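Before any comments, here is the structure.
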Amino acid sequence: AVIGSHWLSPGNLGPDSPSNSQLSVIYTVCVVLVGALSFFAYQHNVITEKKVDARTVSPNDFAVIVRNLPASATDEKAIADFFREHAVEGKADTEVVKVVIGWDASDFRDKIKEMRSIRDQNAELEPSDPLHAEGLARMRVLAEELASIGKD
């Protein structure tokens, strides 16, 4: 049975198979058209996002992200005072609404992982074993370090 040329699709090149250059041109045009439509849809999304952002007030419009503060910088009031004085050149009373300190979670993960390892090791040891006492001492040090992070 011969399939009519009006049923041609990418999966069925018809009786002329690849020798018909008209099909190749049509498929190429379709691919280019889909690519162009995708590009224009993306650009439309970018423009829409910019328009919405221009009309909407969010915390990002007023936030300042500061990285690599020293580990000892844990006092939110001291940080706020510093930025109140130095955030805007020539102005010593810039309004600072809130300081939020974000911590590097890898520091916490490493300490908690070590604490779990010590706990598992101590579970296998007798309480009279000197290594058990050393593990408990190290656990106390780690717990104090974790508790001291972020205290004002």
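Ordering of the structure tokens sets the chain letters (A, B, ...); residue numbers start at 1 within each chain; ligands are numbered from 1 in the order shown.
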
If you run DSSP over the backbone, which residues in chain A end up helix (DSSP H, G or I)? Put them as a ChimeraX atom specification. /A:5-7,17-19,21-55,59-61,76-86,105-123,130-148

Find the residues of stretch 28-79 of chain A that sit at most 10 Å from stretch 99-118 of chain A; for each, write down the nearest two atoms and how far apart they are in Å, to one decimal. Count only C-alpha atoms. Sort by chain, then by number going up, and give it as CSV.
```
residue,atom,partner,partner_atom,distance
A:Ala63,CA,A:Val99,CA,9.5
A:Val64,CA,A:Val99,CA,9.5
A:Ile65,CA,A:Gly102,CA,9.7
A:Val66,CA,A:Ile101,CA,9.4
A:Arg67,CA,A:Gly102,CA,9.4
A:Asn68,CA,A:Asp104,CA,9.9
A:Leu69,CA,A:Ile101,CA,9.8
A:Ala71,CA,A:Trp103,CA,9.3
A:Ala73,CA,A:Ile101,CA,9.0
A:Thr74,CA,A:Ile101,CA,7.5
A:Asp75,CA,A:Ile101,CA,9.0
A:Glu76,CA,A:Val99,CA,5.7
A:Lys77,CA,A:Val99,CA,7.7
A:Ala78,CA,A:Val99,CA,9.6
A:Ile79,CA,A:Val99,CA,7.2
```

Can you list, as a ChimeraX atom specification, every residue of chain A that DSSP puts in strand (DSSP E or B)? /A:9,12,88,91

For N, CA and C atoms, I'd like the residues from the last selection saved as a PDB file, in the first residue's frame.
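The result, stored in part.pdb:
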```
ATOM      1  N   SER A   9       5.537  12.396   7.358  1.00  0.00           N
ATOM      2  CA  SER A   9       5.970  12.877   8.664  1.00  0.00           C
ATOM      3  C   SER A   9       7.450  12.548   8.821  1.00  0.00           C
ATOM      4  N   ASN A  12       7.985   8.966   8.434  1.00  0.00           N
ATOM      5  CA  ASN A  12       7.553   8.332   7.192  1.00  0.00           C
ATOM      6  C   ASN A  12       7.889   9.273   6.036  1.00  0.00           C
ATOM      7  N   VAL A  88      27.320  53.934  53.374  1.00  0.00           N
ATOM      8  CA  VAL A  88      27.213  54.978  52.355  1.00  0.00           C
ATOM      9  C   VAL A  88      28.310  55.997  52.606  1.00  0.00           C
ATOM     10  N   LYS A  91      28.163  59.434  54.709  1.00  0.00           N
ATOM     11  CA  LYS A  91      26.970  59.414  55.570  1.00  0.00           C
ATOM     12  C   LYS A  91      27.240  58.451  56.714  1.00  0.00           C
TER      13      LYS A  91
END
```

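Note that atom CA of A:Glu95 and atom CA of A:Phe83 are 8.8 Å apart.
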